[in-house]
Amino acid sequence: MKHLYVHVPFCPTICPYCDFHVVRRHGGVVEVYLERLAQEAQVLFEQYPGPLETLYLGGGTPSFLRDHELEALFRALPWGLEGAEVTLEANPGTLNAERLRLLRDLGVNRISLGVQSFQDTVLKALGRAHGRKGALRAVELCLEAGFRTSLDLILGLPEQNVEADLTQAVALGVEHISAYTLQIEPGTPFALTDLAPDPDAEAQAFALAQTLLGQAGLVRYEVSNFARPGQESRHNLAYWRNTFWGGVGPGATGQLAGRDTYAFRYTNPPLPRWLQGEGPLVEQVSKLEHIKESIMLGLRLAQGVDIGQIEQQCEMNLWYALEPAVQALYRDGLLEVQQKRIRTTDLSTLHPIILRLWDALEAKALHG
């Protein structure tokens, strides 16, 4: 285990589109959370002592914690972090120069900033607590403090000037942009409105993003992520390469090597049950399931997925099962093939390609 995700569920406000496990702080809940986190982290550390290559503190809003709470959070994590990419998610209203100096001292070297837009009307519609000026100032502070800085943007929103948001992000000089579309999730306040995604507007927004960000030197290296060369998120690449990682905190998920099966994935319960010591929900992952997921996730990457590498990891001959489908997709102009590495020619065609490759694997698996 070389990668660790830490879930910090506390937020100053809860956005109406958010379906993550988030809560408002109350009473002494943060203190109790930190005590429980230290216990869980120690157990995991004794099994997987590292050192870590990446640490990702997500939420929630980790930067919403107070200074002494942030210090306690890092004390709760016993792994060595020398040379690691240490990312902390933050919202603009929770940062200032003093807070950023503390984060640097604690070992954070990358900030993922939840800007979403630079337009006040859009931010208000999204229920965000910050405005344009706050977003701009937060980005400037992060860059001035020397952090690798990534922005989250939501694209294709009603009344949004997508070009203006992208142009503003580029002008700030950040190294990484994660661009998403708005998902209307069941159970959120947005699900009770008549707001509905516009697939055409979203497709146009991503096409514009690929053009404008590409011209500025930010390459689309994954379906929703753009970065200058060398500034890709190492932690998220671990997910897309379907490697193993640990997760601690309420609602956190991890995936580790199995004993009776190829791997197992576990998901911690929500905060109240997690604080009481309830264990995670565990899902066994077979070798075939791992292979299918590796192909699905790897094809999200612009560089594609190396089937030969998966064969080595899983000690299985996969190419004989996949090659007929791969060649058919190549003839249709949907895949590029170099030896056993495959990549999509158009990321928007990802879903049907994955299904055809999965069908090929299933057919061979069903027949031994």
# chains A, B, ... in the order shown; residues from 1 in each chain; ligands from 1
$ residues_around --residues "region 151-163 of chain A" --least-positions-apart "6" --cutoff "8 Å" --atoms "only C-alpha atoms" --output "ChimeraX atom specification"
/A:112-117,119,122,169,174,176-182,197-198,201-206,208-209
$ select_by_dssp --residues "region 59-205 of chain A" --states "helix (DSSP H, G or I)" --output "compact mmCIF listing (two decimals) with N, CA and C atoms, in the first residue's frame"
# COMPACT_ATOMS: atom_id res chain seq x y z
N PRO A 62 -11.23 19.57 4.27
CA PRO A 62 -10.15 19.45 5.26
C PRO A 62 -9.59 20.79 5.73
N SER A 63 -9.57 21.77 4.84
CA SER A 63 -9.02 23.08 5.23
C SER A 63 -9.93 23.83 6.18
N PHE A 64 -11.13 23.29 6.44
CA PHE A 64 -12.06 23.89 7.39
C PHE A 64 -11.65 23.62 8.84
N ASP A 67 -6.36 25.21 13.21
CA ASP A 67 -4.92 24.93 13.15
C ASP A 67 -4.54 23.74 14.02
N HIS A 68 -4.98 23.73 15.28
CA HIS A 68 -4.57 22.64 16.18
C HIS A 68 -5.19 21.32 15.73
N GLU A 69 -6.34 21.37 15.06
CA GLU A 69 -6.97 20.16 14.56
C GLU A 69 -6.21 19.61 13.35
N LEU A 70 -5.73 20.49 12.51
CA LEU A 70 -4.89 20.04 11.38
C LEU A 70 -3.60 19.40 11.89
N GLU A 71 -3.01 19.99 12.90
CA GLU A 71 -1.80 19.40 13.48
C GLU A 71 -2.08 18.02 14.05
N ALA A 72 -3.22 17.88 14.73
CA ALA A 72 -3.59 16.57 15.30
C ALA A 72 -3.89 15.56 14.19
N LEU A 73 -4.47 16.04 13.10
CA LEU A 73 -4.76 15.16 11.97
C LEU A 73 -3.48 14.53 11.43
N PHE A 74 -2.45 15.33 11.24
CA PHE A 74 -1.20 14.79 10.71
C PHE A 74 -0.47 13.93 11.75
N ARG A 75 -0.61 14.26 13.02
CA ARG A 75 -0.02 13.40 14.05
C ARG A 75 -0.69 12.03 14.06
N PRO A 92 -12.13 28.08 -1.11
CA PRO A 92 -11.50 29.40 -1.06
C PRO A 92 -11.65 30.13 0.27
N GLY A 93 -12.81 30.06 0.89
CA GLY A 93 -13.04 30.84 2.11
C GLY A 93 -12.32 30.32 3.34
N THR A 94 -11.62 29.20 3.23
CA THR A 94 -10.96 28.60 4.40
C THR A 94 -9.45 28.79 4.37
N ALA A 97 -2.91 33.34 4.24
CA ALA A 97 -1.46 33.13 4.17
C ALA A 97 -0.95 32.33 5.37
N GLU A 98 -1.47 32.61 6.57
CA GLU A 98 -1.01 31.90 7.76
C GLU A 98 -1.39 30.42 7.69
N ARG A 99 -2.60 30.15 7.27
CA ARG A 99 -3.05 28.76 7.16
C ARG A 99 -2.19 27.99 6.14
N LEU A 100 -1.85 28.63 5.05
CA LEU A 100 -1.04 27.97 4.02
C LEU A 100 0.37 27.69 4.53
N ARG A 101 0.92 28.59 5.35
CA ARG A 101 2.25 28.33 5.93
C ARG A 101 2.19 27.11 6.85
N LEU A 102 1.13 26.98 7.61
CA LEU A 102 0.98 25.82 8.47
C LEU A 102 0.89 24.54 7.64
N LEU A 103 0.13 24.59 6.59
CA LEU A 103 -0.01 23.40 5.74
C LEU A 103 1.33 23.00 5.14
N ARG A 104 2.11 23.97 4.73
CA ARG A 104 3.46 23.66 4.21
C ARG A 104 4.29 22.99 5.30
N ASP A 105 4.24 23.52 6.52
CA ASP A 105 5.02 22.95 7.62
C ASP A 105 4.57 21.51 7.93
N LEU A 106 3.30 21.21 7.72
CA LEU A 106 2.77 19.88 8.00
C LEU A 106 3.11 18.88 6.89
N ASP A 120 -20.03 35.05 -10.34
CA ASP A 120 -20.82 35.17 -9.13
C ASP A 120 -22.22 34.57 -9.29
N THR A 121 -22.85 34.79 -10.43
CA THR A 121 -24.20 34.26 -10.62
C THR A 121 -24.20 32.73 -10.61
N VAL A 122 -23.19 32.12 -11.20
CA VAL A 122 -23.07 30.67 -11.23
C VAL A 122 -22.79 30.13 -9.84
N LEU A 123 -21.88 30.77 -9.13
CA LEU A 123 -21.54 30.34 -7.77
C LEU A 123 -22.75 30.43 -6.84
N LYS A 124 -23.53 31.47 -6.99
CA LYS A 124 -24.74 31.62 -6.18
C LYS A 124 -25.73 30.50 -6.49
N ALA A 125 -25.89 30.19 -7.78
CA ALA A 125 -26.82 29.12 -8.17
C ALA A 125 -26.36 27.77 -7.64
N LEU A 126 -25.04 27.57 -7.50
CA LEU A 126 -24.49 26.32 -6.99
C LEU A 126 -24.52 26.25 -5.46
N ARG A 132 -16.50 35.38 -6.74
CA ARG A 132 -15.39 35.48 -7.69
C ARG A 132 -14.12 36.01 -7.02
N LYS A 133 -14.25 37.09 -6.26
CA LYS A 133 -13.07 37.70 -5.66
C LYS A 133 -12.39 36.72 -4.69
N GLY A 134 -13.19 36.01 -3.90
CA GLY A 134 -12.62 35.05 -2.97
C GLY A 134 -11.90 33.92 -3.68
N ALA A 135 -12.46 33.47 -4.79
CA ALA A 135 -11.83 32.40 -5.56
C ALA A 135 -10.49 32.86 -6.13
N LEU A 136 -10.47 34.04 -6.71
CA LEU A 136 -9.24 34.56 -7.30
C LEU A 136 -8.15 34.72 -6.24
N ARG A 137 -8.54 35.27 -5.08
CA ARG A 137 -7.56 35.50 -4.04
C ARG A 137 -7.00 34.19 -3.51
N ALA A 138 -7.85 33.18 -3.36
CA ALA A 138 -7.39 31.89 -2.86
C ALA A 138 -6.38 31.26 -3.81
N VAL A 139 -6.64 31.32 -5.10
CA VAL A 139 -5.70 30.76 -6.07
C VAL A 139 -4.37 31.50 -6.00
N GLU A 140 -4.43 32.81 -5.94
CA GLU A 140 -3.20 33.60 -5.87
C GLU A 140 -2.40 33.26 -4.62
N LEU A 141 -3.07 33.11 -3.48
CA LEU A 141 -2.37 32.77 -2.23
C LEU A 141 -1.68 31.41 -2.34
N CYS A 142 -2.37 30.43 -2.93
CA CYS A 142 -1.78 29.09 -3.06
C CYS A 142 -0.54 29.13 -3.94
N LEU A 143 -0.62 29.84 -5.04
CA LEU A 143 0.52 29.90 -5.95
C LEU A 143 1.67 30.69 -5.32
N GLU A 144 1.35 31.78 -4.64
CA GLU A 144 2.40 32.57 -3.99
C GLU A 144 3.11 31.76 -2.91
N VAL A 162 -18.69 29.46 -20.29
CA VAL A 162 -17.63 28.47 -20.11
C VAL A 162 -16.28 29.04 -20.54
N GLU A 163 -16.27 29.74 -21.65
CA GLU A 163 -15.01 30.30 -22.14
C GLU A 163 -14.41 31.26 -21.12
N ALA A 164 -15.24 32.07 -20.47
CA ALA A 164 -14.73 33.03 -19.47
C ALA A 164 -14.11 32.30 -18.29
N ASP A 165 -14.76 31.23 -17.83
CA ASP A 165 -14.20 30.47 -16.69
C ASP A 165 -12.87 29.82 -17.06
N LEU A 166 -12.80 29.22 -18.24
CA LEU A 166 -11.57 28.57 -18.67
C LEU A 166 -10.45 29.58 -18.89
N THR A 167 -10.78 30.70 -19.50
CA THR A 167 -9.78 31.74 -19.76
C THR A 167 -9.23 32.29 -18.46
N GLN A 168 -10.12 32.48 -17.47
CA GLN A 168 -9.68 32.98 -16.17
C GLN A 168 -8.75 31.97 -15.48
N ALA A 169 -9.09 30.70 -15.54
CA ALA A 169 -8.26 29.67 -14.92
C ALA A 169 -6.87 29.64 -15.54
N VAL A 170 -6.83 29.75 -16.86
CA VAL A 170 -5.55 29.74 -17.57
C VAL A 170 -4.72 30.96 -17.17
N ALA A 171 -5.37 32.12 -17.09
CA ALA A 171 -4.65 33.36 -16.79
C ALA A 171 -4.01 33.32 -15.41
N LEU A 172 -4.59 32.56 -14.49
CA LEU A 172 -4.03 32.47 -13.14
C LEU A 172 -2.73 31.67 -13.10
N PRO A 189 -30.71 18.38 -2.53
CA PRO A 189 -31.70 19.43 -2.81
C PRO A 189 -31.89 19.69 -4.30
N PHE A 190 -30.82 19.57 -5.08
CA PHE A 190 -30.96 19.81 -6.53
C PHE A 190 -31.88 18.79 -7.18
N ALA A 191 -31.98 17.59 -6.59
CA ALA A 191 -32.85 16.56 -7.17
C ALA A 191 -34.32 16.95 -7.07
N LEU A 192 -34.65 17.91 -6.20
CA LEU A 192 -36.04 18.34 -6.02
C LEU A 192 -36.40 19.51 -6.94
N PRO A 199 -26.78 17.46 -22.14
CA PRO A 199 -25.63 16.73 -22.69
C PRO A 199 -24.93 17.47 -23.82
N ASP A 200 -25.69 18.15 -24.66
CA ASP A 200 -25.06 18.88 -25.77
C ASP A 200 -24.21 20.03 -25.26
N ALA A 201 -24.74 20.77 -24.29
CA ALA A 201 -23.97 21.88 -23.72
C ALA A 201 -22.72 21.36 -23.02
N GLU A 202 -22.84 20.23 -22.33
CA GLU A 202 -21.69 19.66 -21.64
C GLU A 202 -20.63 19.20 -22.63
N ALA A 203 -21.06 18.56 -23.73
CA ALA A 203 -20.09 18.11 -24.74
C ALA A 203 -19.38 19.29 -25.37
N GLN A 204 -20.12 20.36 -25.65
CA GLN A 204 -19.50 21.56 -26.22
C GLN A 204 -18.52 22.18 -25.24
N ALA A 205 -18.88 22.16 -23.95
CA ALA A 205 -18.00 22.74 -22.92
C ALA A 205 -16.69 21.98 -22.84
$ closest_residue --among "A:Pro229, A:Trp358, A:Val337, A:Thr267" --to "Gly217 (chain A)" --atoms "only C-alpha atoms"
A:Pro229
$ select_by_dssp --residues "region 35-80 of chain A" --states "strand (DSSP E)" --output "list in words"
Thr54, Leu55, Tyr56, Leu57, Gly58 and Gly59 of chain A
$ closest_residue --among "A:His290, A:Arg343, A:Arg228, A:His7" --to "Arg265 (chain A)" --atoms "only C-alpha atoms"
A:His290
$ closest_atom_pairs --of "region 252-357 of chain A" --to "region 43-55 of chain A" --cutoff "12 Å" --atoms "only C-alpha atoms" --output "Markdown table"
| residue | atom | partner | partner_atom | distance |
| --- | --- | --- | --- | --- |
| A:Gly254 | CA | A:Leu44 | CA | 10.9 |
| A:Leu256 | CA | A:Tyr48 | CA | 10.0 |
| A:Ala257 | CA | A:Tyr48 | CA | 11.1 |
$ residues_around --residues "Ala263 (chain A)" --least-positions-apart "5" --cutoff "9 Å" --atoms "only C-alpha atoms" --output "PDB file with C-alpha atoms, in the first residue's frame"
ATOM      1  CA  PHE A 244      -3.961  -0.723  -4.204  1.00  0.00           C
ATOM      2  CA  GLN A 255      -8.655  -1.460  -2.083  1.00  0.00           C
ATOM      3  CA  LEU A 256      -5.992  -3.910  -0.963  1.00  0.00           C
ATOM      4  CA  ALA A 257      -4.539  -7.255  -2.005  1.00  0.00           C
ATOM      5  CA  GLY A 258      -6.616 -10.227  -0.880  1.00  0.00           C
ATOM      6  CA  GLU A 283     -16.432  -6.568  -1.111  1.00  0.00           C
ATOM      7  CA  GLN A 284     -14.335  -9.371  -2.592  1.00  0.00           C
ATOM      8  CA  VAL A 285     -12.814  -8.571  -5.985  1.00  0.00           C
ATOM      9  CA  SER A 286     -12.036 -11.525  -8.249  1.00  0.00           C
ATOM     10  CA  LYS A 287      -9.172 -11.531 -10.702  1.00  0.00           C
ATOM     11  CA  HIS A 290     -10.014  -6.573 -11.285  1.00  0.00           C
TER      12      HIS A 290
END
